[in-house]
Structures are given as C-alpha cells and as structure tokens.
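Encoded as structure tokens, the structure appears first; notes follow it.
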Amino acid sequence: MLSCADRIYERSAWILNAGAEISITPEPAQPTEGDNVTLVVHGLSGELLAYSWYAGPTISLTFLVASYIVSTGDETPGPAHTGREAVRPDGSLQIHGALRGHTGTYILQTLNRQLQTEVGYGHVRVYEILAPPTVVANGTALVERRDTLRLVCSSPSPAEVRWFFNGDALPVAVRLGLSPDGRVLTRHGVRREEAGAYQCEVWNPVSVSRSEPLNLTVYFGPERVAILQDSTTRTGCTIKVDFNTSLILWCVSRSCPEPEYVWALNGKALQNGQDHLNISSMTGAHEGTYTCIAKNAKTLLSGSASVVVKLSAAAVAMMIVPVPTKPMEGQDVTLTVQGYPKDLLVYAWYRGPASEPNRLLSQLPSGNWIAGPAHTGREVGFANCSLLVQKLNLTDAGRYTLKTVTLQGKTDTLEVELQVARE
C-alpha cells in the first residue's frame, strides 16, 4: 500500500498548480555552521492535508526529507533526512545545528483537500566559520631579477581570497600575478620593492580570517659603490692630505644584505674587512690609489670605487721649544721638537753648527741613538727628536742645531739658542 507521501509524489506530476505563489526564506538569512535554521513558508492558502519537503533540485523520492500529515501531526522521514530536520505544523522546516551539507535548494510540496498540489522553492547556504589560512612560499629570501616568487594561500575552505602587502591591499601591479581563483601569487624576476610582509585573507558573508604574515627578503646589489670623506663623495677624485694628519675613508653602497668590504692600496689588498679605512698619521708611504671592493655573498655580485690620496704640498713647520723656557744652572732642560716629520729616518743634534766635531748624538733607523764627539755624557735623545740636557752649567748655553732626514731623503736643519741662568 502506498503511503501518503508516495501518493503525493505519484500524483504531483499531473495535478501541480502552475500558479503557485509559495515562497521559502531561511531564518537567519545567512546561517553559519551550528545555527538552528528555519525555512519559513510564505503564501500558503486553502485547507491543506499534507506537506512534503525535498532537499534537492527536483521533486524526487531520493531527495525527500520528510512528509507531514496536518490532521494527525505525523511526520515520516524520507531518504534525505539527516536526523536534524523537523516539519512544523505551519509547514516550515526546522534544521537543528545546520551543517555545510545542508546548503542547497529546498522544495516544499503541499496537498489540499481537492488533492491539488502547490510547490514552493527556496535556497539555503550554510556558511562556515573560517579558520586562518596559511601563506606558503617557494622561498622567503630571493635574489632580485633572478628568482621567481610563488605564494599560495592555503585554506581548506572554498571561500573568496584577498591578499595584503605590509598590511595594505595588494598593489594593482602585483595583483596582475594572481591566478584566476586568487589563491596563487606569482612574480617573475622579483623586485626589491616587493620585499615585505605578505598575508592572505579568506572571507564569506559571515566570517573573515587572515593569515599570519610571511616576510619576504629580496637580495640585491651591491650597486652605487662610493668612497666618502666627511660625508662627501670622493669617488674618482684626488684627496690631498697634510703631513702627519689623519684621514678616514668610508665605503658605502646599496646592497641587501650588507656587503663584505675589501680595501686595496695600489692593487695590493690591505688587512681591513671594515666599511671604513683609517689613516691615523699621513706620510708619503700612505700615498697611492685606494680601492674599496664591495661583495654580496647572496647575489654573488660585486662593485668597486677608487680615490687617489696624496700628501699636500704645504710644508711642515718644525720648531724647538726649551722646557723649561728659562732653565737655571744645575737644572735639566729638554729641547722639545714640535712638528717633527713622522716619516723620519735619522736625526742628529749638534752643539753649535752642524759639523761632525760638534755632534752630540745621532738616532739610527733602529731607534737607538749613539754618542758623537761632542757628547758630554749628560745628553739623551728621544724618538720624537727631542734632546735632554741634564745638570746644566753655564757653558751649556749657546746654539744647538737639529738635523733631520726623512724616508724620502728630505733634509731639514733647525737651530735654537739656549740660555742658562745663574743660580
């Protein structure tokens, strides 16, 4: 014997009311997983005998959720019943704890006392609460113009995808590299401007979830290598430096990561791995062409810059100052030399004119000094060319002469008149 539901389905093909105005709306209109959803029926008319609900595109026994007899309140589950559906006396269908699988088309078929049927259609979409997606990259440290960037927004949800760069919406130029579904971002020959934090976001009308940032580093350079002196670019210039003064050269470049630096003087590498070179006391030995070479271990590229450093033509003025300036008999006095040449080779002190019989002492290149014919045993020489005369007597007063010879063979002679006061 056919059940009521079977009879309704059997007769529906030939007694459907073509003018049906039944409509179905879900409440809430945009349910999420776990919500209780009611498919509310509008436009029912006449005295109805039964309701039949179908979850599918057509009226078919396969899609039958449940049939409901109005007079008795009896409900008969169908093949499509999930255990969560219930028909209410007013014809509405309740879904308890809706799942994403409840998304789809629903059909209500009614039967009145004249054995006529009416049909209403509705649609329900159950949205999921989205979990955060993950950005997966083919690499997080790439070389500019050489490597390809490929980012994938990984999410089990079919939700829509948006991309963000450093917290802002992806620039239009970068969006051109998106796949049709928006889930894959590809950039051939990645640029340095594209280094930063990438995030993707999945969204639907009821839920939004964004990934953790993925930080991309783009290696480039070195480029625009330059040598600076006092913040001024001196690449390709000649720098003139006064004798015995200091000079600091800085090597700068645009590079990621910071490059390794190698300095060379006249083509010979110097023991310096820093971004600056310090000449503490300029001499002729420091003259030449200085080259800074910047090397990037990530890009395997390098660049260089050079300057020429020379001693300035200005003469270095030496002077001798007695300390104390007015020594007394029995005191010690030091004839202090100021501005002595730093590239000194040898010097000699004389008592009177610079002649061998008057030589007090000489300093050798080794740094040791030797006594001359005029040495009295009370004179001591120092590396800075100064002369100490101990326990002065009145006969020590008079002229003293200093003679210096530099590494370049330059000879200078300087005299001073020493006065000794009587006790």
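All residue names refer to the structure tokens as shown: chains lettered A, B, ... in order, residues numbered from 1 in each chain, ligands numbered from 1 in order.
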Residues of stretch 123-173 of chain A classed as strand (DSSP E) by DSSP on the backbone are to be reported as a ChimeraX atom specification.
/A:123-124,134-137,141-143,149-154,160-165,168-169
Please tabulate, as a tab-separated table, the residues of stretch 82-156 of chain A that come within 8 Å of stretch 20-34 of chain A, each with its closest pair of atoms and the distance in Å to one decimal, counting only C-alpha atoms and ordering rows by chain, then residue number upward.
```
residue	atom	partner	partner_atom	distance
A:His96	CA	A:Gly34	CA	7.7
A:Gly97	CA	A:Gly34	CA	4.1
A:Ala98	CA	A:Gly34	CA	5.1
A:Leu99	CA	A:Glu33	CA	5.1
A:Arg100	CA	A:Glu33	CA	6.3
A:Glu118	CA	A:Ala20	CA	5.5
A:Val119	CA	A:Ala20	CA	6.2
A:Gly120	CA	A:Ile22	CA	4.6
A:Tyr121	CA	A:Ile24	CA	6.0
A:Gly122	CA	A:Ile24	CA	4.7
A:His123	CA	A:Thr25	CA	7.4
A:Val124	CA	A:Pro26	CA	6.4
A:Arg125	CA	A:Gln30	CA	6.8
A:Val126	CA	A:Thr32	CA	5.2
A:Tyr127	CA	A:Thr32	CA	4.5
A:Glu128	CA	A:Glu33	CA	5.4
A:Ile129	CA	A:Thr32	CA	6.7
```
Looking at A:Ala137, A:Val337, A:Leu361, A:Val225, which one is nearest to A:Val416, with distances taken over only C-alpha atoms?
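Distance minimum relative to A:Val416 lands on A:Val337.
Neighbouring residues of A:Pro57 at 9 Å or closer, counting only C-alpha atoms and skipping chain neighbours under 5 positions away, are Phe63, Gly104, Thr105, Tyr106 and Ile107 of chain A.
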Atom CA of A:Thr325 and atom CA of A:Gly339 are how many Å apart?
18.0 Å
Please identify every residue of stretch 253-327 of chain A that has at least one atom no farther than 12 Å from an atom of stretch 146-162 of chain A, counting only C-alpha atoms, and for each give the shortest atom pair and the distance in Å to one decimal, arranged by chain then increasing number, as CSV.
```
residue,atom,partner,partner_atom,distance
A:Lys298,CA,A:Arg146,CA,11.7
A:Thr299,CA,A:Arg146,CA,9.2
A:Leu300,CA,A:Arg146,CA,11.7
```
Dump C-alpha atoms for the selected residues as an mmCIF file, in the first residue's frame?
```
data_model
loop_
_atom_site.group_PDB
_atom_site.id
_atom_site.type_symbol
_atom_site.label_atom_id
_atom_site.label_comp_id
_atom_site.auth_asym_id
_atom_site.auth_seq_id
_atom_site.Cartn_x
_atom_site.Cartn_y
_atom_site.Cartn_z
ATOM 1 C CA LYS A 298 73.951 36.255 -1.638
ATOM 2 C CA THR A 299 73.783 37.776 -5.117
ATOM 3 C CA LEU A 300 77.423 36.846 -5.926
#
```
